[in-house]
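**Q** Input: one structure, supplied below.
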Amino acid sequence: SSALMYQRDAIRPGIGHRLDKDTSGILVVAKHAHAHAMLAKQFAERTAKREYQAIVWGMVKADSGTIEGNLARSPRDRKIFAVVQKGGKHAITDYRALERFDFLTLVSLSLQTGRTHQIRVHCSHIGHPLFSDTAYGGSSAHYAGAAAKQRQHVVNLFKLLPRQALHAKTLAFRHPASGAWMEFDSELPADFQALLDAIRPKTADVV
């Protein structure tokens, strides 16, 4: 029933889905239990749409792709997650490269599943951790190369965005009462945009 689904899937009353701490972006909040249950059902059945933008380390070569790998608590640190060969929860993330820079790439990511830290773990797993993500290897300047000048440049970039470079940009779902398809978009926050402005050349390689 809707009530049981609400009790089972609720994160906290009204909140339709979670964002990690220090991830910016858009959330949906339900006004009552039935609406919350209907939203939770859409997220569970993958009929809702969630798109994020992230700045990741390295040059993402493929224009698009899919990352698939089960996620479970890391045996080394129970506060974070890791891709595991056996067990865990099934997780799928689709991505598109939007803009490539010298040692960073702006990507769009779409969730087919909604696991904790999914985007952050999957990106790290394929060798492209999120910029400034301290938990998943994104806070090291070594990705920028060995030159001292370049490393100092990265230190300055970390000051612009001292959190993981992840923003929940678009959210779409069917209205729980009317069934109408609703889509919402949020602008990039100032710190994310400041980082983009600092790394974007006058002639960026836009895919």
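Ligands are numbered from 1 in the order shown, chains are lettered A, B, ... in the order of the structure tokens, and residues start at 1 in each chain.
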Residues of chain A classed as strand (DSSP E) by DSSP on the backbone are to be reported as a ChimeraX atom specification.
**A** /A:24-25,49-57,64-68,71-73,81-83,92-100,104-111,166-174,181-185,205-206
**Q** Considering only C-alpha atoms, return as an MDAnalysis selection string whatever protein or nucleic-acid residues lie within 12 Å of Val56 of chain A, sequence-local ones (same chain, fewer than 5 positions apart) excluded.
**A** chainID A and resid 95:109 119:133 136:139 143:144 164:166 195:196
**Q** For a quick check of understanding, using only C-alpha atoms, which of A:Phe158, A:Tyr52, A:Phe184, A:Phe43 has the smallest distance to Arg115 of chain A?
**A** A:Phe43
**Q** In Å, how far is it from atom CA of Leu27 of chain A to atom CA of Gly179 of chain A?
**A** 18.8 Å
**Q** Between atom CA of His175 of chain A and atom CA of Lys49 of chain A, what is the spacing in Å?
**A**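 The value is 12.7 Å.
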**Q** If you run DSSP on the backbone, which residues of segment 69-160 of chain A are alpha helix (DSSP H), as an MDAnalysis selection string?
**A** chainID A and resid 118:125 148:160
**Q** Do you know which residues are at most 7 Å from Lys89 of chain A counting only C-alpha atoms, after dropping those on the same chain fewer than 5 positions away, and could you put them as a list in words?
**A**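 Contacts, with the query itself left out: Asn70, Leu71 and Ala72 of chain A.
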**Q** With distances taken over only C-alpha atoms, which of A:His117, A:Gln53, A:Ala40, A:Ala91 is nearest to Phe192 of chain A?
**A**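 Comparing A:His117, A:Gln53, A:Ala40, A:Ala91 against Phe192 of chain A, the winner is A:Gln53.
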**Q** How far is it from atom CA of His142 of chain A to atom CA of Val154 of chain A, in Å with one decimal?
**A**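 For atom CA of His142 of chain A relative to atom CA of Val154 of chain A, the distance reads 9.2 Å.
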**Q** With only C-alpha atoms as the atoms that count, which of A:Ala168, A:Asn156, A:Phe81, A:Pro176 lies nearest to Ile199 of chain A?
**A**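 Smallest separation from Ile199 of chain A among the options: A:Asn156.
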